[in-house]
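Undergrad: Please find one structure pasted underneath; my questions will follow.
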Amino acid sequence: MRAAPSQEEVRRQNLGALLRYLHRHGAMSRAELTAKLGLNRSTIGALTADLAAASLVTEEAGRPAAAAGRSGRAGRPSLVVTPRSDAAYAYAASVEADRVRAARVGLGGVLLDRREAPRDAVAGEPASVAAGFVAELHGAAPRDVRCIGAGVAGVDTGVARAALTSVLPEGIPVVAGTVSDLAAVAEHARGAAAGCDNVIYLYGATGVTAGIIMDGRRFSGAGGAAGAVGHMVVNPGGHACACGARGCWETEVGEQALLRAAGRSGAGREAVRAVVDAADRGDARARDAVRQVGGWLGLGVANLVNIFNPDLVIFGEALRDIYLVAAASVRSRLNSIALGPNLSRLRLRTPALGDDAPMIGAAELAFEALLADPLDGRT
Ligand SMILES: [Zn+2]
């Protein structure tokens, strides 16, 4: 039997919960924190004092604008606790099919500085370009502020992590995750999936991958390779897939599937948008193509919904553009296949954080160590 947690362990857990809440939700009065975290006033007071002493938050009299009028009580205003984006930061980068992005992100999720470029406009290996951006950001960062780590989203997480590690000083931990996993993490932490604990983020570009959050935690599989939903076989007599199989989902819903159905050539997000725009304008062939891809999209989502029973499915990148014009086809096929109990709570959404989601998720991953133990053995 496990021993009950010591007072010190409870204090550390509470410090983590408090800092995590402020990091995700921003400045908040002590009174609100007391209500949201279910701790008593004196405990919140002691915890915020600890975080203030560690320079992770500031406390001052007054109410944040968002809280004004919410309590409905007159009298002495509660102290407002604000996470200090100027006191601790992480580097974040994402290496994606069409772009390379990097940023310095302060506590509270504040973008302090950023670099980005279209992938075809930069020479060199994309992970090295991202590392170059991080080196530039590091060169411009203030020296008296605590860097808590770096996170990177990439298709090949090992290569991406090695590239960032090579340009940062020893002692700065670098963590990595797949693009779709970290997009899901970002939307769960501070986007469309905030408050939902069972989420599937579909990242659609050349291929389709899924970031999966189950019971509030990132689900990556035994070797970190879960979420290859684009290779779920949906049409065994269909097109050959790059993986060697036939009829994988991404051969019916990926960028090339849409372009093929619309009778167009080209590749990439702009080519997808051109078809979607044509469908919007009433072009018959583009409309048929979007409807056809929407049907296949609904079929695959139905399988995922039956297996995982998520509260929320988010359509990211090119799938966002397709979903926005094909929502009716997606829903109709989904509703005809998925089981009733799995559909009853399901919502379909587009990302709230836009195309920055994987990079923001990389920052969240880097902040994880600080949020798990804000004082990190310092007291
Ligand atoms: Zn495949």
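Residues are referred to by chain and number: the chain letter is A, B, ... according to the order shown in the structure tokens, the number counts from 1 in that chain, and ligands are numbered separately from 1 in the order shown.
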Can you tell me, as a list in words, what residues are no more than 10 Å from A:Leu319 when counting only C-alpha atoms, ignoring any on the same chain fewer than 5 positions away?
TA: Leu202, Tyr203, Gly204, Ala205, Val208, Val253, Gly254, Glu255, Arg269, Val272, Val293, Gly294, Leu297, Ile314, Leu324, Ala326 and Thr350 of chain A
Undergrad: Could you write out that same residue set with N, CA and C atoms as a JSON list (two decimals), in the first residue's frame?
TA:
[["chain", "number", "residue", "atom", "x", "y", "z"],
["A", 202, "LEU", "N", -7.01, 16.19, -35.77],
["A", 202, "LEU", "CA", -6.59, 15.64, -37.07],
["A", 202, "LEU", "C", -5.77, 16.69, -37.80],
["A", 203, "TYR", "N", -4.52, 16.34, -38.05],
["A", 203, "TYR", "CA", -3.63, 17.25, -38.76],
["A", 203, "TYR", "C", -3.51, 16.74, -40.19],
["A", 204, "GLY", "N", -4.07, 17.50, -41.13],
["A", 204, "GLY", "CA", -4.11, 17.03, -42.51],
["A", 204, "GLY", "C", -3.24, 17.89, -43.41],
["A", 205, "ALA", "N", -2.29, 17.26, -44.04],
["A", 205, "ALA", "CA", -1.48, 17.93, -45.06],
["A", 205, "ALA", "C", -1.31, 16.92, -46.18],
["A", 208, "VAL", "N", -2.28, 12.36, -43.20],
["A", 208, "VAL", "CA", -3.16, 12.72, -42.09],
["A", 208, "VAL", "C", -2.67, 12.00, -40.83],
["A", 253, "VAL", "N", -8.63, 11.31, -48.32],
["A", 253, "VAL", "CA", -8.93, 12.63, -47.71],
["A", 253, "VAL", "C", -7.74, 13.58, -47.71],
["A", 254, "GLY", "N", -6.57, 13.13, -48.13],
["A", 254, "GLY", "CA", -5.39, 14.02, -48.12],
["A", 254, "GLY", "C", -5.46, 15.05, -49.24],
["A", 255, "GLU", "N", -4.49, 15.92, -49.27],
["A", 255, "GLU", "CA", -4.44, 16.99, -50.28],
["A", 255, "GLU", "C", -4.57, 16.43, -51.69],
["A", 269, "ARG", "N", -1.06, 23.54, -49.46],
["A", 269, "ARG", "CA", -2.21, 24.20, -48.86],
["A", 269, "ARG", "C", -2.90, 25.16, -49.83],
["A", 272, "VAL", "N", -5.11, 23.35, -52.19],
["A", 272, "VAL", "CA", -6.34, 22.93, -51.50],
["A", 272, "VAL", "C", -7.31, 24.11, -51.38],
["A", 293, "VAL", "N", -14.75, 14.05, -50.77],
["A", 293, "VAL", "CA", -13.71, 13.98, -49.72],
["A", 293, "VAL", "C", -14.36, 14.13, -48.34],
["A", 294, "GLY", "N", -15.37, 14.98, -48.24],
["A", 294, "GLY", "CA", -16.10, 15.15, -46.97],
["A", 294, "GLY", "C", -16.72, 13.84, -46.51],
["A", 297, "LEU", "N", -14.03, 11.68, -45.23],
["A", 297, "LEU", "CA", -13.59, 12.26, -43.95],
["A", 297, "LEU", "C", -14.53, 11.80, -42.84],
["A", 314, "ILE", "N", -11.05, 17.84, -33.77],
["A", 314, "ILE", "CA", -10.64, 19.12, -34.35],
["A", 314, "ILE", "C", -10.00, 18.86, -35.71],
["A", 324, "LEU", "N", -14.57, 23.12, -43.44],
["A", 324, "LEU", "CA", -15.42, 24.32, -43.43],
["A", 324, "LEU", "C", -16.41, 24.35, -44.59],
["A", 326, "ALA", "N", -17.24, 21.34, -46.26],
["A", 326, "ALA", "CA", -17.83, 20.00, -46.42],
["A", 326, "ALA", "C", -18.47, 19.49, -45.14],
["A", 350, "THR", "N", -12.98, 23.50, -35.57],
["A", 350, "THR", "CA", -11.72, 23.89, -36.20],
["A", 350, "THR", "C", -10.82, 24.44, -35.10]]
Undergrad: Using only C-alpha atoms, which protein or nucleic acid residues come within 9 Å of A:Val301? Drop anything in the same chain fewer than 2 positions from it, and give the result as a PyMOL selection string.
TA: chain A and resi 296-299+303-306+313+330+334+338
Undergrad: Using the selection just defined, write its residues with N, CA, C and O atoms as an mmCIF file, in the first residue's frame.
TA:
data_model
loop_
_atom_site.group_PDB
_atom_site.id
_atom_site.type_symbol
_atom_site.label_atom_id
_atom_site.label_comp_id
_atom_site.auth_asym_id
_atom_site.auth_seq_id
_atom_site.Cartn_x
_atom_site.Cartn_y
_atom_site.Cartn_z
ATOM 1 N N TRP A 296 -15.634 10.727 -47.230
ATOM 2 C CA TRP A 296 -14.557 9.869 -46.733
ATOM 3 C C TRP A 296 -14.041 10.362 -45.376
ATOM 4 O O TRP A 296 -13.669 9.579 -44.511
ATOM 5 N N LEU A 297 -14.028 11.683 -45.228
ATOM 6 C CA LEU A 297 -13.586 12.255 -43.953
ATOM 7 C C LEU A 297 -14.531 11.799 -42.836
ATOM 8 O O LEU A 297 -14.099 11.354 -41.764
ATOM 9 N N GLY A 298 -15.840 11.871 -43.113
ATOM 10 C CA GLY A 298 -16.833 11.442 -42.121
ATOM 11 C C GLY A 298 -16.704 9.969 -41.787
ATOM 12 O O GLY A 298 -16.842 9.559 -40.627
ATOM 13 N N LEU A 299 -16.384 9.151 -42.799
ATOM 14 C CA LEU A 299 -16.250 7.703 -42.576
ATOM 15 C C LEU A 299 -15.084 7.415 -41.625
ATOM 16 O O LEU A 299 -15.222 6.654 -40.662
ATOM 17 N N ASN A 303 -15.023 5.911 -37.582
ATOM 18 C CA ASN A 303 -14.233 4.811 -37.005
ATOM 19 C C ASN A 303 -13.506 5.270 -35.747
ATOM 20 O O ASN A 303 -13.487 4.566 -34.731
ATOM 21 N N LEU A 304 -12.897 6.448 -35.817
ATOM 22 C CA LEU A 304 -12.151 6.954 -34.659
ATOM 23 C C LEU A 304 -13.084 7.216 -33.483
ATOM 24 O O LEU A 304 -12.754 6.949 -32.323
ATOM 25 N N VAL A 305 -14.262 7.746 -33.808
ATOM 26 C CA VAL A 305 -15.246 8.064 -32.761
ATOM 27 C C VAL A 305 -15.750 6.781 -32.094
ATOM 28 O O VAL A 305 -15.926 6.722 -30.876
ATOM 29 N N ASN A 306 -15.943 5.732 -32.904
ATOM 30 C CA ASN A 306 -16.377 4.454 -32.318
ATOM 31 C C ASN A 306 -15.302 3.857 -31.414
ATOM 32 O O ASN A 306 -15.603 3.240 -30.398
ATOM 33 N N VAL A 313 -13.582 16.450 -31.862
ATOM 34 C CA VAL A 313 -12.646 16.190 -32.967
ATOM 35 C C VAL A 313 -12.351 17.537 -33.607
ATOM 36 O O VAL A 313 -13.271 18.300 -33.921
ATOM 37 N N VAL A 330 -19.539 15.591 -44.082
ATOM 38 C CA VAL A 330 -18.816 14.924 -42.997
ATOM 39 C C VAL A 330 -19.825 14.425 -41.962
ATOM 40 O O VAL A 330 -19.816 13.256 -41.571
ATOM 41 N N LEU A 334 -20.749 10.573 -40.990
ATOM 42 C CA LEU A 334 -20.417 10.259 -39.590
ATOM 43 C C LEU A 334 -21.655 9.733 -38.850
ATOM 44 O O LEU A 334 -21.612 8.697 -38.187
ATOM 45 N N ALA A 338 -21.309 6.062 -37.090
ATOM 46 C CA ALA A 338 -20.879 6.017 -35.682
ATOM 47 C C ALA A 338 -22.034 5.580 -34.789
ATOM 48 O O ALA A 338 -23.207 5.806 -35.092
#
Undergrad: Mind running chain A against ligand 1 at 10 Å and telling me each contacting residue's nearest atom pair with the distance in Å (one decimal), counting only C-alpha atoms and all ligand atoms, chain and number ascending, as JSON lines?
TA:
{"residue": "A:Gly207", "atom": "CA", "partner": "ligand 1", "partner_atom_place_in_ligand_line": "1 (Zn)", "distance": 8.7}
{"residue": "A:Val208", "atom": "CA", "partner": "ligand 1", "partner_atom_place_in_ligand_line": "1 (Zn)", "distance": 9.7}
{"residue": "A:Ala228", "atom": "CA", "partner": "ligand 1", "partner_atom_place_in_ligand_line": "1 (Zn)", "distance": 8.9}
{"residue": "A:Val229", "atom": "CA", "partner": "ligand 1", "partner_atom_place_in_ligand_line": "1 (Zn)", "distance": 9.0}
{"residue": "A:Gly230", "atom": "CA", "partner": "ligand 1", "partner_atom_place_in_ligand_line": "1 (Zn)", "distance": 6.4}
{"residue": "A:His231", "atom": "CA", "partner": "ligand 1", "partner_atom_place_in_ligand_line": "1 (Zn)", "distance": 4.0}
{"residue": "A:Met232", "atom": "CA", "partner": "ligand 1", "partner_atom_place_in_ligand_line": "1 (Zn)", "distance": 7.1}
{"residue": "A:Val233", "atom": "CA", "partner": "ligand 1", "partner_atom_place_in_ligand_line": "1 (Zn)", "distance": 7.4}
{"residue": "A:His239", "atom": "CA", "partner": "ligand 1", "partner_atom_place_in_ligand_line": "1 (Zn)", "distance": 9.6}
{"residue": "A:Ala240", "atom": "CA", "partner": "ligand 1", "partner_atom_place_in_ligand_line": "1 (Zn)", "distance": 7.8}
{"residue": "A:Cys241", "atom": "CA", "partner": "ligand 1", "partner_atom_place_in_ligand_line": "1 (Zn)", "distance": 4.6}
{"residue": "A:Ala242", "atom": "CA", "partner": "ligand 1", "partner_atom_place_in_ligand_line": "1 (Zn)", "distance": 5.8}
{"residue": "A:Cys243", "atom": "CA", "partner": "ligand 1", "partner_atom_place_in_ligand_line": "1 (Zn)", "distance": 4.3}
{"residue": "A:Gly244", "atom": "CA", "partner": "ligand 1", "partner_atom_place_in_ligand_line": "1 (Zn)", "distance": 6.3}
{"residue": "A:Ala245", "atom": "CA", "partner": "ligand 1", "partner_atom_place_in_ligand_line": "1 (Zn)", "distance": 5.3}
{"residue": "A:Arg246", "atom": "CA", "partner": "ligand 1", "partner_atom_place_in_ligand_line": "1 (Zn)", "distance": 6.8}
{"residue": "A:Gly247", "atom": "CA", "partner": "ligand 1", "partner_atom_place_in_ligand_line": "1 (Zn)", "distance": 7.3}
{"residue": "A:Cys248", "atom": "CA", "partner": "ligand 1", "partner_atom_place_in_ligand_line": "1 (Zn)", "distance": 4.7}
{"residue": "A:Trp249", "atom": "CA", "partner": "ligand 1", "partner_atom_place_in_ligand_line": "1 (Zn)", "distance": 7.4}
{"residue": "A:Glu250", "atom": "CA", "partner": "ligand 1", "partner_atom_place_in_ligand_line": "1 (Zn)", "distance": 7.0}
{"residue": "A:Thr251", "atom": "CA", "partner": "ligand 1", "partner_atom_place_in_ligand_line": "1 (Zn)", "distance": 7.5}
Undergrad: Could you write those residues out with N, CA, C and O atoms, as a PDB file, in the first residue's frame?
TA:
ATOM      1  N   GLY A 207      -0.205  13.961 -45.725  1.00  0.00           N
ATOM      2  CA  GLY A 207      -0.795  12.819 -45.046  1.00  0.00           C
ATOM      3  C   GLY A 207      -1.726  13.307 -43.944  1.00  0.00           C
ATOM      4  O   GLY A 207      -1.951  14.510 -43.792  1.00  0.00           O
ATOM      5  N   VAL A 208      -2.277  12.362 -43.202  1.00  0.00           N
ATOM      6  CA  VAL A 208      -3.160  12.717 -42.086  1.00  0.00           C
ATOM      7  C   VAL A 208      -2.673  11.998 -40.834  1.00  0.00           C
ATOM      8  O   VAL A 208      -2.521  10.775 -40.832  1.00  0.00           O
ATOM      9  N   ALA A 228      -1.178   7.348 -36.326  1.00  0.00           N
ATOM     10  CA  ALA A 228      -0.987   7.278 -37.783  1.00  0.00           C
ATOM     11  C   ALA A 228      -2.314   6.912 -38.444  1.00  0.00           C
ATOM     12  O   ALA A 228      -2.425   5.926 -39.177  1.00  0.00           O
ATOM     13  N   VAL A 229      -3.324   7.720 -38.183  1.00  0.00           N
ATOM     14  CA  VAL A 229      -4.686   7.397 -38.641  1.00  0.00           C
ATOM     15  C   VAL A 229      -4.816   7.470 -40.162  1.00  0.00           C
ATOM     16  O   VAL A 229      -5.724   6.868 -40.737  1.00  0.00           O
ATOM     17  N   GLY A 230      -3.923   8.197 -40.812  1.00  0.00           N
ATOM     18  CA  GLY A 230      -3.958   8.293 -42.272  1.00  0.00           C
ATOM     19  C   GLY A 230      -3.750   6.955 -42.939  1.00  0.00           C
ATOM     20  O   GLY A 230      -4.117   6.776 -44.102  1.00  0.00           O
ATOM     21  N   HIS A 231      -3.181   5.987 -42.199  1.00  0.00           N
ATOM     22  CA  HIS A 231      -2.941   4.663 -42.774  1.00  0.00           C
ATOM     23  C   HIS A 231      -3.955   3.619 -42.297  1.00  0.00           C
ATOM     24  O   HIS A 231      -3.735   2.421 -42.423  1.00  0.00           O
ATOM     25  N   MET A 232      -5.060   4.107 -41.745  1.00  0.00           N
ATOM     26  CA  MET A 232      -6.202   3.235 -41.468  1.00  0.00           C
ATOM     27  C   MET A 232      -6.805   2.887 -42.840  1.00  0.00           C
ATOM     28  O   MET A 232      -7.123   3.788 -43.630  1.00  0.00           O
ATOM     29  N   VAL A 233      -6.921   1.604 -43.143  1.00  0.00           N
ATOM     30  CA  VAL A 233      -7.418   1.213 -44.472  1.00  0.00           C
ATOM     31  C   VAL A 233      -8.942   1.355 -44.507  1.00  0.00           C
ATOM     32  O   VAL A 233      -9.649   0.753 -43.702  1.00  0.00           O
ATOM     33  N   HIS A 239      -6.754   3.517 -53.960  1.00  0.00           N
ATOM     34  CA  HIS A 239      -5.455   3.949 -54.494  1.00  0.00           C
ATOM     35  C   HIS A 239      -4.290   3.428 -53.657  1.00  0.00           C
ATOM     36  O   HIS A 239      -4.423   3.197 -52.458  1.00  0.00           O
ATOM     37  N   ALA A 240      -3.141   3.283 -54.333  1.00  0.00           N
ATOM     38  CA  ALA A 240      -1.920   2.873 -53.638  1.00  0.00           C
ATOM     39  C   ALA A 240      -1.455   4.023 -52.740  1.00  0.00           C
ATOM     40  O   ALA A 240      -1.538   5.199 -53.117  1.00  0.00           O
ATOM     41  N   CYS A 241      -1.003   3.662 -51.538  1.00  0.00           N
ATOM     42  CA  CYS A 241      -0.539   4.667 -50.579  1.00  0.00           C
ATOM     43  C   CYS A 241       0.989   4.649 -50.540  1.00  0.00           C
ATOM     44  O   CYS A 241       1.623   3.638 -50.835  1.00  0.00           O
ATOM     45  N   ALA A 242       1.576   5.769 -50.120  1.00  0.00           N
ATOM     46  CA  ALA A 242       3.044   5.855 -50.030  1.00  0.00           C
ATOM     47  C   ALA A 242       3.612   4.810 -49.067  1.00  0.00           C
ATOM     48  O   ALA A 242       4.769   4.415 -49.177  1.00  0.00           O
ATOM     49  N   CYS A 243       2.781   4.324 -48.132  1.00  0.00           N
ATOM     50  CA  CYS A 243       3.264   3.348 -47.146  1.00  0.00           C
ATOM     51  C   CYS A 243       3.360   1.946 -47.737  1.00  0.00           C
ATOM     52  O   CYS A 243       3.875   1.036 -47.101  1.00  0.00           O
ATOM     53  N   GLY A 244       2.828   1.735 -48.961  1.00  0.00           N
ATOM     54  CA  GLY A 244       2.894   0.415 -49.588  1.00  0.00           C
ATOM     55  C   GLY A 244       1.553  -0.309 -49.571  1.00  0.00           C
ATOM     56  O   GLY A 244       1.350  -1.260 -50.315  1.00  0.00           O
ATOM     57  N   ALA A 245       0.635   0.125 -48.718  1.00  0.00           N
ATOM     58  CA  ALA A 245      -0.692  -0.499 -48.662  1.00  0.00           C
ATOM     59  C   ALA A 245      -1.612   0.166 -49.709  1.00  0.00           C
ATOM     60  O   ALA A 245      -1.201   1.079 -50.427  1.00  0.00           O
ATOM     61  N   ARG A 246      -2.825  -0.286 -49.761  1.00  0.00           N
ATOM     62  CA  ARG A 246      -3.803   0.255 -50.718  1.00  0.00           C
ATOM     63  C   ARG A 246      -5.049   0.719 -49.958  1.00  0.00           C
ATOM     64  O   ARG A 246      -5.499   0.033 -49.043  1.00  0.00           O
ATOM     65  N   GLY A 247      -5.555   1.885 -50.347  1.00  0.00           N
ATOM     66  CA  GLY A 247      -6.814   2.350 -49.781  1.00  0.00           C
ATOM     67  C   GLY A 247      -6.733   2.936 -48.381  1.00  0.00           C
ATOM     68  O   GLY A 247      -7.723   2.957 -47.647  1.00  0.00           O
ATOM     69  N   CYS A 248      -5.533   3.434 -48.003  1.00  0.00           N
ATOM     70  CA  CYS A 248      -5.417   4.113 -46.700  1.00  0.00           C
ATOM     71  C   CYS A 248      -6.288   5.371 -46.691  1.00  0.00           C
ATOM     72  O   CYS A 248      -6.532   5.978 -47.738  1.00  0.00           O
ATOM     73  N   TRP A 249      -6.707   5.789 -45.499  1.00  0.00           N
ATOM     74  CA  TRP A 249      -7.596   6.945 -45.360  1.00  0.00           C
ATOM     75  C   TRP A 249      -7.021   8.179 -46.056  1.00  0.00           C
ATOM     76  O   TRP A 249      -7.733   8.923 -46.699  1.00  0.00           O
ATOM     77  N   GLU A 250      -5.698   8.391 -45.935  1.00  0.00           N
ATOM     78  CA  GLU A 250      -5.148   9.617 -46.512  1.00  0.00           C
ATOM     79  C   GLU A 250      -5.147   9.612 -48.035  1.00  0.00           C
ATOM     80  O   GLU A 250      -5.035  10.662 -48.644  1.00  0.00           O
ATOM     81  N   THR A 251      -5.312   8.419 -48.654  1.00  0.00           N
ATOM     82  CA  THR A 251      -5.445   8.416 -50.120  1.00  0.00           C
ATOM     83  C   THR A 251      -6.832   8.904 -50.541  1.00  0.00           C
ATOM     84  O   THR A 251      -7.065   9.207 -51.705  1.00  0.00           O
TER      85      THR A 251
END
Undergrad: Would you mind telling me which residue in A:Arg12, A:Phe133, A:Glu252, A:Asp215 lies nearest to A:Leu370 when using only C-alpha atoms?
TA: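 Of A:Arg12, A:Phe133, A:Glu252, A:Asp215, the one nearest A:Leu370 is A:Arg12, counting only C-alpha atoms.
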Undergrad: What gap, in Å, lies between atom CA of A:Val276 and atom CA of A:Ser329?
TA: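 Computing it gives 14.0 Å between the two atoms.
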Undergrad: List the spatial neighbours of A:Val134 as number ranges by chain - criterion: any atom at most 9 Å away, only C-alpha atoms, same-chain residues fewer than 6 positions off excluded.
TA: A: 91-93, 102-104, 114-115, 164, 167-168
Undergrad: Need the shell around A:Arg349: protein/DNA/RNA residues with any atom at most 12 Å away, counting only C-alpha atoms. Skip same-chain ones fewer than 2 positions apart. Format as a PyMOL selection string?
TA: chain A and resi 187+191-193+199-202+311-316+319-321+323-324+327+330-331+346-347+351-354
Undergrad: Restricted to C-alpha atoms, what would the selected residues look like written as a PDB file, in the first residue's frame?
TA:
ATOM      1  CA  GLU A 187      -5.662  23.111 -28.175  1.00  0.00           C
ATOM      2  CA  GLY A 191      -7.612  26.426 -27.311  1.00  0.00           C
ATOM      3  CA  ALA A 192     -10.742  24.815 -28.721  1.00  0.00           C
ATOM      4  CA  ALA A 193     -10.391  21.741 -26.470  1.00  0.00           C
ATOM      5  CA  VAL A 199      -9.865  14.927 -27.870  1.00  0.00           C
ATOM      6  CA  ILE A 200      -8.680  13.944 -31.344  1.00  0.00           C
ATOM      7  CA  TYR A 201      -6.810  16.584 -33.382  1.00  0.00           C
ATOM      8  CA  LEU A 202      -6.590  15.637 -37.065  1.00  0.00           C
ATOM      9  CA  ASP A 311     -15.852  14.750 -26.771  1.00  0.00           C
ATOM     10  CA  LEU A 312     -14.201  16.719 -29.528  1.00  0.00           C
ATOM     11  CA  VAL A 313     -12.646  16.190 -32.967  1.00  0.00           C
ATOM     12  CA  ILE A 314     -10.637  19.117 -34.352  1.00  0.00           C
ATOM     13  CA  PHE A 315      -9.858  19.496 -38.064  1.00  0.00           C
ATOM     14  CA  GLY A 316      -6.436  21.121 -38.497  1.00  0.00           C
ATOM     15  CA  LEU A 319      -8.541  19.448 -43.230  1.00  0.00           C
ATOM     16  CA  ARG A 320      -9.753  22.679 -41.622  1.00  0.00           C
ATOM     17  CA  ASP A 321     -10.265  24.259 -45.049  1.00  0.00           C
ATOM     18  CA  TYR A 323     -14.194  20.708 -43.258  1.00  0.00           C
ATOM     19  CA  LEU A 324     -15.418  24.315 -43.433  1.00  0.00           C
ATOM     20  CA  ALA A 327     -19.234  19.964 -42.875  1.00  0.00           C
ATOM     21  CA  VAL A 330     -18.816  14.924 -42.997  1.00  0.00           C
ATOM     22  CA  ARG A 331     -21.682  14.970 -40.483  1.00  0.00           C
ATOM     23  CA  LEU A 346     -19.363  14.617 -29.826  1.00  0.00           C
ATOM     24  CA  ARG A 347     -18.562  18.081 -31.146  1.00  0.00           C
ATOM     25  CA  PRO A 351      -8.585  24.929 -34.245  1.00  0.00           C
ATOM     26  CA  ALA A 352      -8.781  28.037 -32.036  1.00  0.00           C
ATOM     27  CA  LEU A 353      -5.025  28.582 -32.195  1.00  0.00           C
ATOM     28  CA  GLY A 354      -4.770  28.387 -35.973  1.00  0.00           C
TER      29      GLY A 354
END
Undergrad: Pick from A:Val129, A:Ala257, A:Ala176, A:Cys196: nearest to A:Gly224, with only C-alpha atoms counted?
TA: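 Among the listed residues, the smallest separation from A:Gly224 belongs to A:Ala176.
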Undergrad: Quick one: everything within 10 Å of A:Ala226, counting only C-alpha atoms, minus sequence neighbours fewer than 4 positions away in the same chain. Send it as a CSV table (one decimal) with N, CA, C and O atoms, in the first residue's frame.
TA:
chain,number,residue,atom,x,y,z
A,178,THR,N,5.4,14.8,-31.8
A,178,THR,CA,5.0,14.9,-33.2
A,178,THR,C,4.1,16.1,-33.4
A,178,THR,O,3.5,16.7,-32.4
A,181,ASP,N,0.5,15.5,-32.3
A,181,ASP,CA,0.4,15.4,-30.8
A,181,ASP,C,0.5,16.8,-30.1
A,181,ASP,O,-0.3,17.1,-29.2
A,209,THR,N,-2.4,12.8,-39.8
A,209,THR,CA,-2.0,12.2,-38.5
A,209,THR,C,-3.0,12.7,-37.4
A,209,THR,O,-3.6,13.7,-37.6
A,210,ALA,N,-3.0,12.0,-36.3
A,210,ALA,CA,-3.9,12.5,-35.2
A,210,ALA,C,-3.1,12.6,-33.9
A,210,ALA,O,-2.3,11.8,-33.6
A,211,GLY,N,-3.4,13.7,-33.2
A,211,GLY,CA,-3.0,13.9,-31.9
A,211,GLY,C,-4.1,13.5,-31.0
A,211,GLY,O,-5.3,13.9,-31.2
A,212,ILE,N,-3.8,12.6,-30.0
A,212,ILE,CA,-4.9,12.0,-29.2
A,212,ILE,C,-4.7,12.4,-27.8
A,212,ILE,O,-3.6,12.1,-27.2
A,219,PHE,N,-1.8,10.7,-25.6
A,219,PHE,CA,-1.7,9.3,-25.8
A,219,PHE,C,-0.7,9.1,-27.0
A,219,PHE,O,-1.1,9.4,-28.2
A,220,SER,N,0.5,8.6,-26.8
A,220,SER,CA,1.5,8.5,-27.8
A,220,SER,C,1.8,7.1,-28.2
A,220,SER,O,2.5,6.9,-29.2
A,221,GLY,N,1.4,6.1,-27.5
A,221,GLY,CA,1.7,4.7,-27.8
A,221,GLY,C,3.0,4.3,-27.2
A,221,GLY,O,3.7,5.1,-26.7
A,222,ALA,N,3.3,3.0,-27.4
A,222,ALA,CA,4.5,2.4,-26.8
A,222,ALA,C,5.7,3.0,-27.3
A,222,ALA,O,6.7,3.3,-26.5
Undergrad: From the DSSP assignment of the backbone, select every residue of stretch 214-283 of chain A that is helix (DSSP H, G or I), and format the answer as a ChimeraX atom specification.
TA: /A:229-231,250-253,255-261,269-280
